[in-house]
>>> print(open('start-v2.cif').read())   # mmCIF, C-alpha atoms
data_data
#
loop_
_atom_site.label_atom_id
_atom_site.label_comp_id
_atom_site.auth_asym_id
_atom_site.auth_seq_id
_atom_site.Cartn_x
_atom_site.Cartn_y
_atom_site.Cartn_z
CA MET Z 1 0.00 0.00 0.00
CA ARG Z 2 1.35 3.38 -0.96
CA ARG Z 3 0.30 6.60 0.71
CA HIS Z 4 1.85 10.03 0.76
CA HIS Z 5 2.42 12.02 3.93
CA PRO Z 6 4.70 14.97 4.61
CA ALA Z 7 7.16 14.27 7.40
CA ARG Z 8 6.41 15.41 10.93
CA ALA Z 9 8.37 18.35 12.31
CA ALA Z 10 9.19 18.67 15.99
CA ALA Z 11 6.32 18.29 18.42
CA ALA Z 12 5.67 22.01 18.74
CA ALA Z 13 5.16 22.34 14.98
CA ALA Z 14 2.53 19.60 14.82
CA ALA Z 15 -0.44 21.94 15.30
CA VAL Z 16 0.70 24.17 12.44
CA LEU Z 17 1.19 21.19 10.16
CA LEU Z 18 -2.35 20.03 10.93
CA LEU Z 19 -3.72 23.50 10.26
CA LEU Z 20 -1.93 23.64 6.92
CA GLY Z 21 -3.16 20.21 5.92
CA GLY Z 22 -0.11 18.05 6.72
CA CYS Z 23 0.25 15.09 9.01
CA GLY Z 24 3.01 12.69 9.96
CA PRO Z 25 3.58 9.24 11.38
CA ALA Z 26 3.27 8.40 15.05
CA ALA Z 27 6.36 8.45 17.24
CA GLY Z 28 7.97 5.17 18.26
CA ALA Z 29 10.30 4.03 20.97
CA PRO Z 30 13.86 3.42 19.76
CA GLY Z 31 16.29 0.81 21.04
CA GLY Z 32 19.32 -1.27 20.09
CA ALA Z 33 22.80 -0.43 18.78
CA SER Z 34 25.17 -1.09 15.92
CA SER Z 35 28.76 -0.22 15.07
CA GLU Z 36 28.73 -0.09 11.26
CA ALA Z 37 29.80 2.89 9.16
CA ALA Z 38 27.12 5.39 8.13
CA PRO Z 39 26.84 8.40 5.82
CA GLY Z 40 28.18 11.57 7.45
CA ARG Z 41 27.39 15.21 6.71
CA SER Z 42 29.66 15.06 3.67
CA GLY Z 43 27.65 12.14 2.27
CA ARG Z 44 30.68 9.82 2.53
CA ALA Z 45 30.66 6.71 4.67
CA GLU Z 46 32.40 7.51 7.94
CA PRO Z 47 33.24 5.05 10.76
CA LEU Z 48 31.26 5.92 13.84
CA ALA Z 49 31.50 4.97 17.50
CA PRO Z 50 28.84 2.72 19.07
CA ALA Z 51 25.52 4.49 19.25
CA ARG Z 52 24.30 6.17 22.43
CA GLU Z 53 20.65 6.96 22.93
CA PRO Z 54 20.17 10.72 23.39
CA SER Z 55 18.87 11.72 26.79
CA ALA Z 56 15.44 13.28 27.22
CA ALA Z 57 17.11 16.68 27.71
CA GLU Z 58 19.15 16.24 24.52
CA THR Z 59 16.04 15.26 22.59
CA ARG Z 60 14.27 18.40 23.80
CA LEU Z 61 17.33 20.43 22.78
CA LEU Z 62 17.19 19.00 19.26
CA GLU Z 63 13.47 19.68 19.01
CA ARG Z 64 13.90 23.29 20.14
CA ALA Z 65 16.83 23.82 17.79
CA GLU Z 66 14.71 22.55 14.90
CA GLN Z 67 12.01 25.05 15.84
CA ILE Z 68 14.57 27.86 15.93
CA LEU Z 69 15.96 26.90 12.52
CA ILE Z 70 12.46 26.67 11.07
CA SER Z 71 11.68 30.11 12.49
CA ARG Z 72 14.80 31.64 10.91
CA CYS Z 73 14.02 30.03 7.56
CA MET Z 74 10.38 31.12 7.58
CA ASP Z 75 11.43 34.64 8.56
CA GLY Z 76 13.76 34.69 5.55
CA ARG Z 77 10.84 33.69 3.33
CA GLY Z 78 8.58 36.41 4.69
CA PHE Z 79 6.50 34.45 7.20
CA PRO Z 80 6.69 34.94 10.97
CA TYR Z 81 7.03 31.68 12.87
CA ALA Z 82 7.19 31.59 16.65
CA VAL Z 83 9.49 29.20 18.50
CA THR Z 84 7.12 27.31 20.78
CA GLU Z 85 7.10 24.13 22.81
CA ALA Z 86 4.30 21.62 23.10
CA PRO Z 87 2.60 21.98 26.50
CA ASP Z 88 2.88 19.10 28.93
CA THR Z 89 -0.73 18.13 29.71
CA GLY Z 90 0.20 15.01 31.67
CA ALA Z 91 -1.66 12.90 29.11
CA ARG Z 92 -0.88 9.20 28.82
CA THR Z 93 -1.80 6.60 26.25
CA PHE Z 94 -3.17 3.15 27.09
CA PRO Z 95 -3.25 1.24 23.79
CA TYR Z 96 -4.38 -1.98 25.46
CA GLY Z 97 -6.87 -0.54 27.92
CA VAL Z 98 -6.53 1.73 30.93
CA ASP Z 99 -4.80 -0.24 33.71
CA ASP Z 100 -3.79 2.47 36.19
CA VAL Z 101 -6.62 2.97 38.69
CA GLU Z 102 -5.23 6.13 40.28
CA TRP Z 103 -4.58 7.76 36.91
CA ALA Z 104 -8.09 6.78 35.77
CA ARG Z 105 -9.59 8.34 38.90
CA ALA Z 106 -7.78 11.62 38.19
CA HIS Z 107 -7.95 11.73 34.39
CA GLY Z 108 -10.64 9.35 33.20
CA TYR Z 109 -9.75 8.58 29.60
CA GLY Z 110 -7.96 11.91 29.18
CA GLY Z 111 -10.92 13.89 27.87
CA ARG Z 112 -10.16 16.88 30.09
CA ASP Z 113 -6.48 16.66 29.13
CA GLU Z 114 -7.42 16.73 25.46
CA ARG Z 115 -9.57 19.83 25.95
CA THR Z 116 -6.62 21.50 27.66
CA ALA Z 117 -4.38 20.55 24.74
CA ALA Z 118 -6.98 21.81 22.26
CA ARG Z 119 -7.10 25.19 24.03
CA ALA Z 120 -3.31 25.35 23.90
CA ARG Z 121 -3.38 24.66 20.16
CA GLU Z 122 -5.97 27.38 19.69
CA ALA Z 123 -3.75 29.85 21.58
CA ASP Z 124 -0.60 28.86 19.68
CA PRO Z 125 0.76 31.99 17.93
CA ASN Z 126 1.55 30.07 14.75
CA GLN Z 127 -1.99 28.68 14.65
CA ARG Z 128 -3.43 32.16 15.09
CA TYR Z 129 -1.20 33.58 12.36
CA PHE Z 130 -1.97 30.89 9.80
CA ARG Z 131 -5.69 30.99 10.55
CA GLY Z 132 -5.64 34.70 9.75
CA LEU Z 133 -4.15 34.21 6.29
CA SER Z 134 -6.17 34.12 3.10
CA ALA Z 135 -6.42 30.81 1.23
CA SER Z 136 -3.62 31.86 -1.11
CA GLY Z 137 -1.51 33.11 1.81
CA ARG Z 138 -2.00 29.83 3.65
CA ALA Z 139 -0.93 27.90 0.56
CA ALA Z 140 2.20 30.03 0.26
CA ALA Z 141 2.99 29.51 3.93
CA ARG Z 142 2.51 25.77 3.54
CA THR Z 143 4.91 25.73 0.61
CA ALA Z 144 7.46 27.73 2.58
CA LEU Z 145 7.17 25.36 5.52
CA MET Z 146 6.85 21.97 3.83
CA GLY Z 147 7.73 22.42 0.16
CA SER Z 148 5.41 22.51 -2.84
CA ALA Z 149 4.59 18.78 -2.83
CA PRO Z 150 5.47 15.70 -0.71
CA VAL Z 151 7.84 14.22 -3.28
CA GLY Z 152 11.61 13.86 -3.36
CA LEU Z 153 12.07 11.97 -0.09
CA SER Z 154 10.69 8.46 0.29
CA ALA Z 155 10.97 5.71 2.87
CA THR Z 156 9.08 2.53 3.68
CA ALA Z 157 7.90 2.21 7.26
CA PRO Z 158 7.97 -1.13 9.10
CA THR Z 159 4.19 -1.19 8.64
CA GLY Z 160 4.73 -1.44 4.88
CA MET Z 161 3.44 2.07 4.19
CA THR Z 162 5.55 4.28 1.92
CA ILE Z 163 5.88 7.77 3.37
CA THR Z 164 7.08 10.70 1.30
CA ALA Z 165 8.03 14.30 1.93
CA SER Z 166 9.63 17.24 0.18
CA PRO Z 167 13.34 18.01 0.43
CA GLU Z 168 12.35 21.67 0.09
CA GLY Z 169 10.73 23.96 2.64
CA CYS Z 170 11.86 25.11 6.05
CA ILE Z 171 11.28 21.82 7.84
CA ALA Z 172 13.62 20.08 5.40
CA ASP Z 173 16.08 22.97 5.61
CA ALA Z 174 16.18 22.77 9.42
CA GLU Z 175 16.63 18.99 9.42
CA ARG Z 176 19.37 19.22 6.77
CA THR Z 177 21.20 21.80 8.89
CA LEU Z 178 21.03 19.55 11.94
CA TYR Z 179 21.54 16.10 10.45
CA GLY Z 180 23.40 16.74 7.19
CA ASP Z 181 22.21 13.83 5.04
CA LEU Z 182 18.50 14.58 4.77
CA ALA Z 183 17.57 11.41 2.86
CA THR Z 184 19.26 9.20 5.46
CA TRP Z 185 17.71 11.11 8.35
CA PHE Z 186 14.26 10.87 6.76
CA ARG Z 187 14.62 7.12 6.27
CA VAL Z 188 15.72 6.31 9.82
CA LYS Z 189 13.15 8.69 11.26
CA VAL Z 190 10.33 7.03 9.32
CA VAL Z 191 11.45 3.57 10.44
CA THR Z 192 11.92 4.39 14.13
CA MET Z 193 8.79 6.53 14.41
CA ASN Z 194 6.64 3.67 13.14
CA LEU Z 195 7.88 0.90 15.41
CA ARG Z 196 5.38 1.72 18.13
CA PRO Z 197 2.19 1.41 16.02
CA LEU Z 198 3.46 -1.85 14.53
CA ARG Z 199 4.23 -3.20 18.02
CA GLU Z 200 0.74 -2.28 19.21
CA THR Z 201 -0.86 -3.90 16.16
CA ARG Z 202 0.96 -7.15 16.84
CA VAL Z 203 -0.18 -7.17 20.46
CA HIS Z 204 -3.79 -6.60 19.43
CA GLU Z 205 -3.58 -9.45 16.91
CA ASP Z 206 -2.10 -11.92 19.43
CA ARG Z 207 -4.49 -14.64 20.61
CA ARG Z 208 -3.17 -14.30 24.17
CA TYR Z 209 -4.25 -10.67 24.21
CA ALA Z 210 -7.69 -11.62 22.85
CA ASP Z 211 -8.08 -14.25 25.59
CA ALA Z 212 -7.14 -11.69 28.24
CA VAL Z 213 -9.66 -9.22 26.80
CA GLY Z 214 -12.32 -11.91 27.09
CA GLN Z 215 -11.65 -12.23 30.82
CA TRP Z 216 -11.62 -8.44 31.14
CA ALA Z 217 -15.01 -8.26 29.38
CA ALA Z 218 -16.47 -10.77 31.83
CA CYS Z 219 -15.28 -8.56 34.70
CA MET Z 220 -16.82 -5.51 33.04
CA ARG Z 221 -20.16 -7.29 32.56
CA ALA Z 222 -20.18 -8.24 36.23
CA ALA Z 223 -19.70 -4.53 37.02
CA GLY Z 224 -22.68 -3.60 34.84
CA ARG Z 225 -20.56 -2.36 31.91
CA PRO Z 226 -21.09 -4.88 29.08
CA TYR Z 227 -18.31 -3.85 26.70
CA ALA Z 228 -16.55 -6.37 24.47
CA GLY Z 229 -13.17 -4.63 24.69
CA PRO Z 230 -11.34 -1.50 25.84
CA ASP Z 231 -12.05 0.27 22.55
CA ALA Z 232 -15.79 -0.12 23.13
CA SER Z 233 -15.64 1.34 26.65
CA ARG Z 234 -13.50 4.22 25.41
CA GLN Z 235 -16.02 4.97 22.65
CA ALA Z 236 -18.82 4.90 25.21
CA ALA Z 237 -16.94 7.41 27.35
CA ALA Z 238 -16.42 9.66 24.34
CA ARG Z 239 -20.20 9.87 23.90
CA PHE Z 240 -20.78 11.19 27.43
CA GLY Z 241 -20.02 14.71 26.25
CA GLU Z 242 -22.88 14.56 23.74
CA SER Z 243 -25.54 14.54 26.46
CA MET Z 244 -23.77 15.90 29.54
CA GLN Z 245 -22.14 19.09 30.69
CA PRO Z 246 -18.30 18.93 30.77
CA ALA Z 247 -18.03 18.44 34.55
CA GLU Z 248 -20.69 15.72 34.55
CA ALA Z 249 -19.11 14.02 31.53
CA ASP Z 250 -15.69 14.09 33.19
CA ALA Z 251 -17.10 12.44 36.31
CA ALA Z 252 -18.88 9.74 34.31
CA GLU Z 253 -15.75 9.17 32.23
CA ALA Z 254 -13.60 8.79 35.34
CA GLU Z 255 -16.07 6.35 36.88
CA LEU Z 256 -16.00 4.14 33.78
CA ALA Z 257 -12.22 4.40 33.45
CA VAL Z 258 -11.76 3.30 37.07
CA ILE Z 259 -13.94 0.24 36.48
CA GLU Z 260 -11.96 -0.54 33.32
CA ALA Z 261 -8.64 -0.17 35.11
CA THR Z 262 -9.84 -2.26 38.05
CA CYS Z 263 -10.84 -5.06 35.68
CA ALA Z 264 -7.58 -4.74 33.73
CA SER Z 265 -5.47 -5.09 36.87
CA GLY Z 266 -7.75 -7.73 38.40
CA THR Z 267 -7.62 -10.01 35.33
CA PRO Z 268 -4.65 -11.09 33.18
CA LEU Z 269 -5.17 -8.18 30.76
CA ALA Z 270 -2.68 -5.73 32.28
CA ARG Z 271 -0.02 -8.40 32.83
CA VAL Z 272 -0.45 -10.07 29.43
CA SER Z 273 -0.52 -6.81 27.46
CA LYS Z 274 2.64 -5.53 29.16
CA ALA Z 275 4.45 -8.82 28.52
CA LEU Z 276 3.41 -8.95 24.88
CA ASP Z 277 4.29 -5.30 24.36
CA HIS Z 278 7.78 -5.97 25.73
CA THR Z 279 8.25 -9.12 23.65
CA TYR Z 280 7.19 -7.56 20.36
CA GLY Z 281 9.10 -4.38 21.18
CA GLU Z 282 12.32 -6.34 21.66
CA GLN Z 283 11.76 -8.23 18.42
CA LEU Z 284 11.23 -5.03 16.44
CA ARG Z 285 14.21 -3.31 18.04
CA ALA Z 286 16.42 -6.27 17.16
CA ARG Z 287 15.16 -6.29 13.58
CA HIS Z 288 15.68 -2.55 13.12
CA GLN Z 289 18.72 -2.01 15.34
CA GLU Z 290 20.80 -0.54 12.49
CA GLU Z 291 18.23 2.18 11.74
CA ILE Z 292 17.79 2.89 15.45
CA ALA Z 293 21.53 3.16 16.04
CA LEU Z 294 22.00 5.37 12.99
CA ARG Z 295 19.24 7.69 14.19
CA TRP Z 296 20.99 8.00 17.56
CA ARG Z 297 24.30 8.75 15.86
CA LEU Z 298 22.78 11.44 13.67
CA GLN Z 299 21.10 12.98 16.71
CA ASN Z 300 24.33 12.91 18.73
CA GLY Z 301 26.19 14.45 15.79
CA ALA Z 302 23.60 17.23 15.59
CA LEU Z 303 23.95 18.27 19.24
CA PRO Z 304 26.76 20.85 18.73
CA THR Z 305 24.75 22.58 15.98
CA ALA Z 306 21.63 22.44 18.15
CA ARG Z 307 23.41 23.97 21.14
CA GLN Z 308 24.80 26.77 19.00
CA ALA Z 309 21.39 27.52 17.52
CA CYS Z 310 19.78 27.65 20.96
CA GLU Z 311 22.55 29.84 22.38
CA GLU Z 312 22.31 32.26 19.46
CA HIS Z 313 18.55 32.36 19.81
CA GLY Z 314 18.88 33.13 23.52
CA SER Z 315 21.28 35.98 22.74
CA GLU Z 316 18.88 37.35 20.11
CA GLN Z 317 16.03 37.20 22.63
CA HIS Z 318 18.01 39.07 25.26
CA GLY Z 319 19.14 41.60 22.70
CA SER Z 320 15.56 42.18 21.59
CA GLU Z 321 14.47 42.68 25.18
CA ARG Z 322 17.18 45.30 25.73
CA GLU Z 323 16.21 47.12 22.54
CA ASP Z 324 12.56 47.05 23.55
CA GLN Z 325 13.52 48.88 26.73
CA THR Z 326 15.32 51.63 24.78
CA PRO Z 327 13.13 54.53 23.56
CA HIS Z 328 12.82 54.85 19.77
CA SER Z 329 14.92 51.71 19.18
CA ARG Z 330 14.54 49.89 15.91
CA PRO Z 331 12.85 46.45 15.98
CA SER Z 332 15.19 43.49 16.03
CA GLY Z 333 15.54 41.43 12.88
CA GLY Z 334 15.85 38.19 14.87
CA SER Z 335 13.44 35.31 15.06
CA HIS Z 336 9.78 35.71 15.82
CA ALA Z 337 9.79 33.85 19.13
#
>>> encode(input="start-v2.cif", output="structure tokens")
Amino acid sequence: MRRHHPARAAAAAAAVLLLLGGCGPAAGAPGGASSEAAPGRSGRAEPLAPAREPSAAETRLLERAEQILISRCMDGRGFPYAVTEAPDTGARTFPYGVDDVEWARAHGYGGRDERTAARAREADPNQRYFRGLSASGRAAARTALMGSAPVGLSATAPTGMTITASPEGCIADAERTLYGDLATWFRVKVVTMNLRPLRETRVHEDRRYADAVGQWAACMRAAGRPYAGPDASRQAAARFGESMQPAEADAAEAELAVIEATCASGTPLARVSKALDHTYGEQLRARHQEEIALRWRLQNGALPTARQACEEHGSEQHGSEREDQTPHSRPSGGSHA
């Protein structure tokens, strides 16, 4: 099956991509290592040290640097683009059914968290700017950000889907600045970002998971909630908002989520799903260890450039603040953060 999708930018750019009509693959959990040679920034094969997984702080640094580079590029093409970060709503995903009773009591199925995230997207300065553009202006901004068409870069995900993107536009320009070999970066990113959905699909298709869901469903029926599986109970919770006020819907959602989590932890479902998720995750990491290790190497190699970009951006911000405090000063020509 062949489908075309532009590549996903850093997390903070996701809302703008959605507004402009683009979408990207889901993120996946990397793992594994390799010690083979890989293309460097010059395009030549260069021997590299064993891969090291970037820390969470280093990953955030790379994401912020990409936003800064996108902002500079968009500014050069005549479009303001704010450097933002995705808000932390505390949301969690439970692909095999909610199994944390305390989290369910506080968050339900995450409906309130999603409303908070939606409000944050609405308030995002890039969202507001692009919404205010005319149709032709939005098309021009999309081209500046993502290129004229999602062709030129192509990679096959572990799911079998072919994903394409443009080597033009400010997202591609930022990634090329950070990682050098854009085609290689795109390929390993597509592979590693799609390991998680494939892992979850395999768990759902496993007979052991289906058997555990059957026992969970019996528990739910005994509790007066006759749902065949976690997806059905989640869909039922999503309908609460159609006939209830938000506070009432949140309470009903939390009540159902607690029952679901109690049944998940009181039957084999939580234990079996975690074990299967680990098993299939290890299998996929072993199969794709070269792509995972190469992604880590490219990320580690990009860290000096990312640090420099963030430091320069910080200096520009401080400089702009000082100029703003000076009467009759000229506006700074820095980024639009």
>>> closest_atom_pairs(input="start-v2.cif", of="region 284-325 of chain Z", to="region 188-198 of chain Z", cutoff="9 Å", atoms="all atoms listed in the file", output="Markdown table")
| residue | atom | partner | partner_atom | distance |
| --- | --- | --- | --- | --- |
| Z:Leu284 | CA | Z:Leu195 | CA | 6.9 |
| Z:Arg285 | CA | Z:Leu195 | CA | 8.0 |
| Z:His288 | CA | Z:Val191 | CA | 7.9 |
| Z:Glu290 | CA | Z:Val188 | CA | 8.9 |
| Z:Glu291 | CA | Z:Val188 | CA | 5.2 |
| Z:Ile292 | CA | Z:Thr192 | CA | 6.2 |
| Z:Leu294 | CA | Z:Val188 | CA | 7.1 |
| Z:Arg295 | CA | Z:Val188 | CA | 5.8 |
>>> residues_around(input="start-v2.cif", residues="region 256-261 of chain Z", least_positions_apart="2", cutoff="10 Å", atoms="all atoms listed in the file", output="PyMOL selection string")
chain Z and resi 97-110+216-217+219-220+223-225+227+229-230+233-234+236-237+250-254+263-267+269-270
>>> resolve_selection(input="start-v2.cif", expression="the PyMOL selection byres ((chain Z and resi 282) around 12)", output="short mmCIF file (atom, residue, chain, number, x, y, z; two decimals) with C-alpha atoms, in the coordinates of the input")
data_model
loop_
_atom_site.label_atom_id
_atom_site.label_comp_id
_atom_site.auth_asym_id
_atom_site.auth_seq_id
_atom_site.Cartn_x
_atom_site.Cartn_y
_atom_site.Cartn_z
CA ALA Z 29 10.30 4.03 20.97
CA PRO Z 30 13.86 3.42 19.76
CA GLY Z 31 16.29 0.81 21.04
CA GLY Z 32 19.32 -1.27 20.09
CA LEU Z 195 7.88 0.90 15.41
CA ARG Z 196 5.38 1.72 18.13
CA ARG Z 199 4.23 -3.20 18.02
CA ALA Z 275 4.45 -8.82 28.52
CA LEU Z 276 3.41 -8.95 24.88
CA ASP Z 277 4.29 -5.30 24.36
CA HIS Z 278 7.78 -5.97 25.73
CA THR Z 279 8.25 -9.12 23.65
CA TYR Z 280 7.19 -7.56 20.36
CA GLY Z 281 9.10 -4.38 21.18
CA GLN Z 283 11.76 -8.23 18.42
CA LEU Z 284 11.23 -5.03 16.44
CA ARG Z 285 14.21 -3.31 18.04
CA ALA Z 286 16.42 -6.27 17.16
CA ARG Z 287 15.16 -6.29 13.58
CA HIS Z 288 15.68 -2.55 13.12
CA GLN Z 289 18.72 -2.01 15.34
#
>>> residues_around(input="start-v2.cif", residues="Glu168 (chain Z)", least_positions_apart="3", cutoff="8 Å", atoms="all atoms listed in the file", output="compact mmCIF listing (two decimals) with C-alpha atoms, in the coordinates of the input")
# COMPACT_ATOMS: atom_id res chain seq x y z
CA MET Z 146 6.85 21.97 3.83
CA GLY Z 147 7.73 22.42 0.16
CA SER Z 148 5.41 22.51 -2.84
CA ILE Z 171 11.28 21.82 7.84
CA ALA Z 172 13.62 20.08 5.40
CA ASP Z 173 16.08 22.97 5.61
>>> closest_residue(input="start-v2.cif", among="Z:Trp185, Z:Glu242, Z:Gln215, Z:Met74", to="Arg297 (chain Z)", atoms="only C-alpha atoms")
Z:Trp185
>>> atom_distance(input="start-v2.cif", atom1="CA of Val213 (chain Z)", atom2="CA of Thr93 (chain Z)")
17.7 Å
>>> closest_residue(input="start-v2.cif", among="Z:Pro150, Z:Arg138, Z:Gly241, Z:Ala228", to="Ala210 (chain Z)", atoms="all atoms listed in the file")
Z:Ala228
>>> closest_residue(input="start-v2.cif", among="Z:Phe79, Z:Glu205, Z:Thr59, Z:Ala247", to="Ala139 (chain Z)", atoms="only C-alpha atoms")
Z:Phe79
>>> axis_aligned_box(input="start-v2.cif", around="region 100-103 of chain Z", padding_each_side="3 Å", output="lines of an AutoDock Vina configuration file")
center_x = -5.2
center_y = 5.1
center_z = 38.2
size_x = 8.8
size_y = 11.3
size_z = 10.1
>>> resolve_selection(input="start-v2.cif", expression="the PyMOL selection byres ((chain Z and resi 55) around 12)", output="PyMOL selection string")
chain Z and resi 30+52-54+56-62+296+299-300+303
>>> residues_around(input="start-v2.cif", residues="Ala65 (chain Z)", least_positions_apart="4", cutoff="8 Å", atoms="all atoms listed in the file", output="number ranges by chain")
Z: 61, 69, 306-307, 309-310
>>> closest_residue(input="start-v2.cif", among="Z:Ile163, Z:Ala82, Z:Ala302, Z:Ala249", to="Gln67 (chain Z)", atoms="all atoms listed in the file")
Z:Ala82
